[in-house]
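Q: Pasting a structure below so you can have a look.
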Amino acid sequence: AQRVIPGGVNSTARATWSGWEPYPIFVASGHGAHVVDVDGNDYVDYLLGLGPMILGHRPAKVTRAVVRQIEEVGTVFALPAAAEAELARKIVAAVPSVEMVRLSNTGTEAVLYATRLARAFTGRRRIVRFEGMYHGFSDAVYWSKHPDLASAGPDEQPVPVAQGPGLPKGVEDNLLILPWNDVEALREAIRVHGHEIAAVLTEPMMCNTGCILPRPGYLEAMRELTAAAGILLIFDEVITGFRLGLAGAQGVFGITPDLSVFAKGLGGGFPVAAVGGRRDVMALVSDGTVSLAGTYTANGIAVAAANATLDELAVPGAYDRLYETSDRLRHGLAEIFARSGLPAHVVGLGPVFQVWFADGPIHSYRDAERRADQAMFRRWWLGMIERGVLFHPGAYENLFVSFAHTKADIDVTLAIAAEVVARL
Ligand code: PMP
């Protein structure tokens with residue numbers, strides 16, 4: 001495989017994170033909340049394919065819907081289809097800020113759709129984004145840790161430009177990168193550059209570095225500052241959407257963005273994403289000002305999977321169960337860590353959370369860079385995976401709980417965690 005696939009098989013995990021060594025798991029299959037490797041080892045899975053398997057692996061109703069679509073309907077027509085309209089209606093019904101919606105295949109594309117819409121709507125080119133957030137692999141919004149930025153002292157001014165190695169020339173001019181949870185930094189950027197800023201692109205909570213929650217009033221200030229300057233507010237709810245609730249993080253925090261991006265949980269494991277929001281912004285697609293299209297956009301398989309997934313998520317009480325399971329795990333872990341006296345933190349909200357080893361609370365990306373005890377995290381991860389609990393080896397990554405995780409899965413996980421923590 002190494003000869004034909006750079007980085008080897010097991011795509012993202014092997015290619016991106018050498019952290020999986022010495023456990024490069026070669027998957028044989030998945031079932032519910034479990035993954036089985038080619039040697040027959042069974043793992044309780046909190047990686048969940050990086051989040052999309054919100055119903056667990058091989059969810060029966062999604063599988064049946066997809067098989068029916070393939071056998072009885074077809075997959076790609078490049079024509080309007082009733083099932084796409086049905087999905088759009090379901091998303092609009094689930095998320096109050098979304099008046100109209102367009103589909104895409106990945107979160108990356110949906111982010112690009114959103115920034116394209118914002119640029120067309122405002123006639124401005126710059127996008128504000130934040131340190132430590134990930135919005136997909138496109139060069140247009142990519143950001144990687146610049147050594148100078150990562151080692152910047154707490155008193156140094158934020159560097160308001162993208163400096164990722166490999167960024168095409170000119171891209172950084174289109175971005176402004178700010179520290180998150182910092183109202184003054186945003187106010188200042190808008191004061192100086194507001195007339196050039198099309199959108200502020202943010203996760204409503206910082207999922208890809210530290211699971212940091214917005215400070216009280218931060219999202220509200222962000223909403224006010226952007227609205228006053230004619231800047232669109234884009235929520236990237238690729239992780240939080242359809243996970244924190246049917247209406248995502250915006251439903252939980254009570255903030256109305258102009259545009260939102262959804263992916264992962266929406267498709268129950270199939271590649272489908274969505275951008276949606278204000279009718280007057282989305283109308284730019286209706287009148288042809290903006291084109292959002294792709295050959296596989298709204299293909300039948302993805303749409304059938306998403307329709308079936310949303311039906312499952314809309315069952316009354318579904319999210320109560322997801323929160324109950326997640327809380328059982330979070331609180332159980334927090335208790336184990338507290339008893340051990342280790343500098344460990346369980347941070348996040350409901351079914352979006354992470355485990356941290358750090359000598360104090362993590363408030364920002366820079367805190368995370370300075371404080372995270374990567375060596376301790378590594379020992380924790382190795383202990384857990386050796387005993388059959390699978391989650392991401394990166395210290396900034398979420399533990400994903402699914403609707404398929406049972407109390408028994410959680411209790412097994414907690415028993416293993418207690419054993420591992422006792423040896424740390
Ligand atoms: N935004 C966020 C917040 C993400 O976490 C991700 C993927 N991890 C993306 C965008 C990109 O989504 P995709 O991988 O589907 O392109």
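Convention: chains lettered A, B, ... in structure tokens order; per-chain residue numbering from 1; ligands numbered from 1 as shown.
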Write down as an MDAnalysis selection string the residues belonging to stretch 189-360 of chain A that are assigned strand (DSSP E) by DSSP computed on the backbone.

A: chainID A and resid 197:202 232:236 259:262 273:277 344:349 352:357

Q: Go ahead and write the residues just picked, N, CA and C atoms, as a short mmCIF file (atom, residue, chain, number, x, y, z; two decimals), in the first residue's frame.

A:
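Output file selection15.cif is given in full below:
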```cif
data_model
loop_
_atom_site.label_atom_id
_atom_site.label_comp_id
_atom_site.auth_asym_id
_atom_site.auth_seq_id
_atom_site.Cartn_x
_atom_site.Cartn_y
_atom_site.Cartn_z
N ILE A 197 -13.73 43.30 5.55
CA ILE A 197 -14.04 41.97 6.09
C ILE A 197 -15.43 41.51 5.64
N ALA A 198 -15.45 40.37 4.95
CA ALA A 198 -16.72 39.80 4.50
C ALA A 198 -17.39 39.00 5.60
N ALA A 199 -16.59 38.24 6.34
CA ALA A 199 -17.20 37.34 7.33
C ALA A 199 -16.25 37.05 8.47
N VAL A 200 -16.85 36.74 9.60
CA VAL A 200 -16.12 36.15 10.72
C VAL A 200 -16.53 34.68 10.74
N LEU A 201 -15.54 33.83 10.58
CA LEU A 201 -15.77 32.38 10.51
C LEU A 201 -15.29 31.77 11.83
N THR A 202 -16.19 31.12 12.54
CA THR A 202 -15.81 30.56 13.83
C THR A 202 -16.58 29.30 14.15
N LEU A 232 -20.74 39.29 7.86
CA LEU A 232 -21.54 38.09 8.13
C LEU A 232 -20.85 37.22 9.18
N LEU A 233 -21.67 36.63 10.03
CA LEU A 233 -21.15 35.69 11.04
C LEU A 233 -21.45 34.28 10.56
N ILE A 234 -20.38 33.51 10.38
CA ILE A 234 -20.52 32.12 9.91
C ILE A 234 -20.15 31.18 11.05
N PHE A 235 -21.07 30.31 11.42
CA PHE A 235 -20.77 29.28 12.42
C PHE A 235 -20.39 28.00 11.68
N ASP A 236 -19.20 27.52 11.98
CA ASP A 236 -18.79 26.21 11.49
C ASP A 236 -19.25 25.19 12.54
N LEU A 259 -24.82 32.58 8.54
CA LEU A 259 -24.67 31.34 7.78
C LEU A 259 -24.12 30.26 8.71
N SER A 260 -24.45 29.03 8.41
CA SER A 260 -23.93 27.91 9.20
C SER A 260 -23.49 26.80 8.26
N VAL A 261 -22.52 26.05 8.75
CA VAL A 261 -22.01 24.91 7.99
C VAL A 261 -22.18 23.65 8.82
N PHE A 262 -22.71 22.61 8.19
CA PHE A 262 -22.91 21.32 8.87
C PHE A 262 -22.27 20.23 8.03
N ALA A 273 -22.72 17.38 3.36
CA ALA A 273 -22.57 18.57 4.20
C ALA A 273 -23.58 19.60 3.71
N ALA A 274 -23.69 20.68 4.46
CA ALA A 274 -24.69 21.69 4.09
C ALA A 274 -24.22 23.06 4.52
N VAL A 275 -24.57 24.05 3.70
CA VAL A 275 -24.42 25.44 4.12
C VAL A 275 -25.81 26.06 4.06
N GLY A 276 -26.16 26.78 5.10
CA GLY A 276 -27.49 27.37 5.11
C GLY A 276 -27.52 28.62 5.94
N GLY A 277 -28.61 29.36 5.82
CA GLY A 277 -28.72 30.57 6.62
C GLY A 277 -29.74 31.53 6.07
N ALA A 344 -5.53 16.36 35.47
CA ALA A 344 -6.32 16.01 34.28
C ALA A 344 -7.63 16.78 34.30
N HIS A 345 -8.10 17.13 33.12
CA HIS A 345 -9.34 17.89 32.99
C HIS A 345 -10.22 17.23 31.95
N VAL A 346 -11.52 17.19 32.24
CA VAL A 346 -12.48 16.75 31.23
C VAL A 346 -13.25 18.01 30.86
N VAL A 347 -13.05 18.47 29.62
CA VAL A 347 -13.60 19.77 29.25
C VAL A 347 -14.56 19.65 28.07
N GLY A 348 -15.52 20.56 28.02
CA GLY A 348 -16.45 20.56 26.90
C GLY A 348 -17.88 20.67 27.40
N LEU A 349 -18.77 20.16 26.59
CA LEU A 349 -20.19 20.33 26.85
C LEU A 349 -20.92 19.09 26.32
N VAL A 352 -19.84 16.81 23.35
CA VAL A 352 -18.63 17.35 22.71
C VAL A 352 -17.62 17.63 23.81
N PHE A 353 -16.64 16.75 23.97
CA PHE A 353 -15.69 16.95 25.07
C PHE A 353 -14.35 16.28 24.79
N GLN A 354 -13.37 16.68 25.58
CA GLN A 354 -12.01 16.17 25.46
C GLN A 354 -11.43 15.95 26.85
N VAL A 355 -10.35 15.17 26.88
CA VAL A 355 -9.60 14.96 28.12
C VAL A 355 -8.25 15.65 27.96
N TRP A 356 -7.89 16.40 28.98
CA TRP A 356 -6.65 17.16 28.97
C TRP A 356 -5.78 16.83 30.16
N PHE A 357 -4.48 16.76 29.92
CA PHE A 357 -3.53 16.72 31.03
C PHE A 357 -2.77 18.03 30.97
#
```

Q: Could you list the protein, DNA and RNA residues that have any atom within 8 Å of ligand 1, counting only C-alpha atoms and all ligand atoms, and write them as a PyMOL selection string?

A: chain A and resi 50+105-111+133-137+203+207-208+236-240+261+263-264+271-273

Q: Can I get the selected residues back with N, CA and C atoms, as an mmCIF file, in the first residue's frame?

A:
```
data_model
loop_
_atom_site.group_PDB
_atom_site.id
_atom_site.type_symbol
_atom_site.label_atom_id
_atom_site.label_comp_id
_atom_site.auth_asym_id
_atom_site.auth_seq_id
_atom_site.Cartn_x
_atom_site.Cartn_y
_atom_site.Cartn_z
ATOM 1 N N LEU A 50 -13.949 10.168 13.291
ATOM 2 C CA LEU A 50 -13.802 11.612 13.536
ATOM 3 C C LEU A 50 -15.166 12.302 13.693
ATOM 4 N N ASN A 105 -20.515 17.959 -0.444
ATOM 5 C CA ASN A 105 -20.065 16.611 -0.080
ATOM 6 C C ASN A 105 -19.280 16.571 1.222
ATOM 7 N N THR A 106 -18.552 17.635 1.515
ATOM 8 C CA THR A 106 -17.689 17.638 2.700
ATOM 9 C C THR A 106 -17.832 18.969 3.435
ATOM 10 N N GLY A 107 -17.370 18.957 4.675
ATOM 11 C CA GLY A 107 -17.353 20.185 5.454
ATOM 12 C C GLY A 107 -16.458 21.232 4.809
ATOM 13 N N THR A 108 -15.341 20.787 4.274
ATOM 14 C CA THR A 108 -14.414 21.710 3.606
ATOM 15 C C THR A 108 -15.132 22.498 2.511
ATOM 16 N N GLU A 109 -15.859 21.780 1.673
ATOM 17 C CA GLU A 109 -16.572 22.472 0.587
ATOM 18 C C GLU A 109 -17.646 23.411 1.134
ATOM 19 N N ALA A 110 -18.341 22.958 2.148
ATOM 20 C CA ALA A 110 -19.425 23.788 2.681
ATOM 21 C C ALA A 110 -18.862 25.087 3.273
ATOM 22 N N VAL A 111 -17.667 25.007 3.901
ATOM 23 C CA VAL A 111 -17.017 26.226 4.402
ATOM 24 C C VAL A 111 -16.693 27.148 3.229
ATOM 25 N N MET A 133 -8.339 26.877 15.262
ATOM 26 C CA MET A 133 -9.547 26.271 14.696
ATOM 27 C C MET A 133 -9.237 25.638 13.348
ATOM 28 N N TYR A 134 -9.961 24.603 13.047
ATOM 29 C CA TYR A 134 -9.790 23.906 11.775
ATOM 30 C C TYR A 134 -11.091 24.016 11.003
ATOM 31 N N HIS A 135 -10.999 24.458 9.758
ATOM 32 C CA HIS A 135 -12.215 24.589 8.944
ATOM 33 C C HIS A 135 -12.120 23.800 7.649
ATOM 34 N N GLY A 136 -11.264 22.781 7.631
ATOM 35 C CA GLY A 136 -11.154 21.970 6.426
ATOM 36 C C GLY A 136 -9.807 22.145 5.764
ATOM 37 N N PHE A 137 -9.572 21.336 4.736
ATOM 38 C CA PHE A 137 -8.219 21.235 4.181
ATOM 39 C C PHE A 137 -7.959 22.174 3.015
ATOM 40 N N GLU A 203 -15.970 28.435 14.941
ATOM 41 C CA GLU A 203 -16.755 27.394 15.592
ATOM 42 C C GLU A 203 -17.396 28.048 16.812
ATOM 43 N N CYS A 207 -13.630 23.297 19.044
ATOM 44 C CA CYS A 207 -13.593 21.832 19.149
ATOM 45 C C CYS A 207 -12.245 21.241 18.777
ATOM 46 N N ASN A 208 -11.547 21.853 17.842
ATOM 47 C CA ASN A 208 -10.331 21.209 17.343
ATOM 48 C C ASN A 208 -9.073 21.560 18.126
ATOM 49 N N ASP A 236 -19.200 27.520 11.984
ATOM 50 C CA ASP A 236 -18.791 26.207 11.495
ATOM 51 C C ASP A 236 -19.251 25.190 12.536
ATOM 52 N N GLU A 237 -20.358 24.526 12.223
ATOM 53 C CA GLU A 237 -20.923 23.533 13.147
ATOM 54 C C GLU A 237 -20.684 22.114 12.625
ATOM 55 N N VAL A 238 -19.545 21.942 11.983
ATOM 56 C CA VAL A 238 -19.242 20.614 11.431
ATOM 57 C C VAL A 238 -19.175 19.575 12.559
ATOM 58 N N ILE A 239 -18.604 19.949 13.701
ATOM 59 C CA ILE A 239 -18.561 19.014 14.832
ATOM 60 C C ILE A 239 -19.794 19.166 15.724
ATOM 61 N N THR A 240 -20.157 20.393 16.040
ATOM 62 C CA THR A 240 -21.238 20.613 17.016
ATOM 63 C C THR A 240 -22.631 20.363 16.427
ATOM 64 N N VAL A 261 -22.522 26.047 8.754
ATOM 65 C CA VAL A 261 -22.007 24.912 7.991
ATOM 66 C C VAL A 261 -22.178 23.646 8.822
ATOM 67 N N ALA A 263 -21.826 19.167 8.695
ATOM 68 C CA ALA A 263 -21.323 17.979 7.971
ATOM 69 C C ALA A 263 -21.391 16.813 8.956
ATOM 70 N N LYS A 264 -20.361 16.027 8.999
ATOM 71 C CA LYS A 264 -20.214 14.907 9.940
ATOM 72 C C LYS A 264 -21.537 14.241 10.333
ATOM 73 N N PRO A 271 -20.870 10.875 2.916
ATOM 74 C CA PRO A 271 -20.336 12.216 2.686
ATOM 75 C C PRO A 271 -21.402 13.205 2.239
ATOM 76 N N VAL A 272 -21.862 13.987 3.181
ATOM 77 C CA VAL A 272 -22.828 15.039 2.863
ATOM 78 C C VAL A 272 -22.629 16.175 3.861
ATOM 79 N N ALA A 273 -22.724 17.381 3.357
ATOM 80 C CA ALA A 273 -22.568 18.570 4.197
ATOM 81 C C ALA A 273 -23.576 19.599 3.709
#
```

Q: Can you list, as an NGL selection string, all residues belonging to stretch 240-389 of chain A that DSSP tags as alpha helix (DSSP H)?

A: :A and (248-253 or 279-286 or 300-313 or 318-340 or 365-371 or 374-386)

Q: Between A:Thr295, A:Asn41, A:Asn307, A:Thr115, which has the minimum distance to A:Leu175 (counting only C-alpha atoms)?

A: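 Under the stated criterion, the closest residue is A:Thr115.
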
Q: From the set A:Glu312, A:Glu72, A:Glu419, A:Asp280, which residue has the shortest atom-to-atom contact distance to A:Ala404, counting only C-alpha atoms?

A: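 When distances to A:Ala404 are compared using only C-alpha atoms, the smallest one comes from A:Glu312.
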
Q: Which is closest to A:Lys90 among A:Ile25, A:Val62, A:Leu244, A:Ala314, if we use only C-alpha atoms?

A: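 Among A:Ile25, A:Val62, A:Leu244, A:Ala314, it is A:Ala314 that comes nearest to A:Lys90.
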
Q: Using only C-alpha atoms, which residues sit within 9 Å of A:Ala65 once same-chain residues fewer than 5 positions away are excluded, as a VMD selection string?

A: chain A and resid 60 70 301 304 to 305 307 to 308

Q: Can you work out the spacing between atom CA of A:Asp311 and atom CA of A:Asp411 in Å, to one decimal?

A: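 Rounded to one decimal, the two atoms are 28.5 Å apart.
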
Q: Considering only C-alpha atoms, return as a count of residues only whatever protein or nucleic-acid residues lie within 12 Å of stretch 390-394 of chain A, sequence-local ones (same chain, fewer than 5 positions apart) excluded.

A: 58

Q: Do you know which residues are at most 8 Å from A:Ala302 counting only C-alpha atoms, after dropping those on the same chain fewer than 4 positions away, and could you put them as a short mmCIF file (atom, residue, chain, number, x, y, z; two decimals) with C-alpha atoms, in the first residue's frame?

A:
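So out09.cif came out as:
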```cif
data_model
loop_
_atom_site.label_atom_id
_atom_site.label_comp_id
_atom_site.auth_asym_id
_atom_site.auth_seq_id
_atom_site.Cartn_x
_atom_site.Cartn_y
_atom_site.Cartn_z
CA VAL A 66 -29.05 3.73 1.12
CA GLY A 267 -24.88 12.05 7.04
CA PHE A 270 -21.99 9.19 4.30
CA PRO A 271 -20.34 12.22 2.69
CA VAL A 272 -22.83 15.04 2.86
CA ALA A 298 -26.74 16.12 -3.39
CA ALA A 306 -28.94 12.09 5.64
#
```

Q: May I ask for the distance between atom CA of A:Pro179 and atom CA of A:Ile231, given in Å to one decimal place?

A: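 Distance between the two atoms: 18.1 Å.
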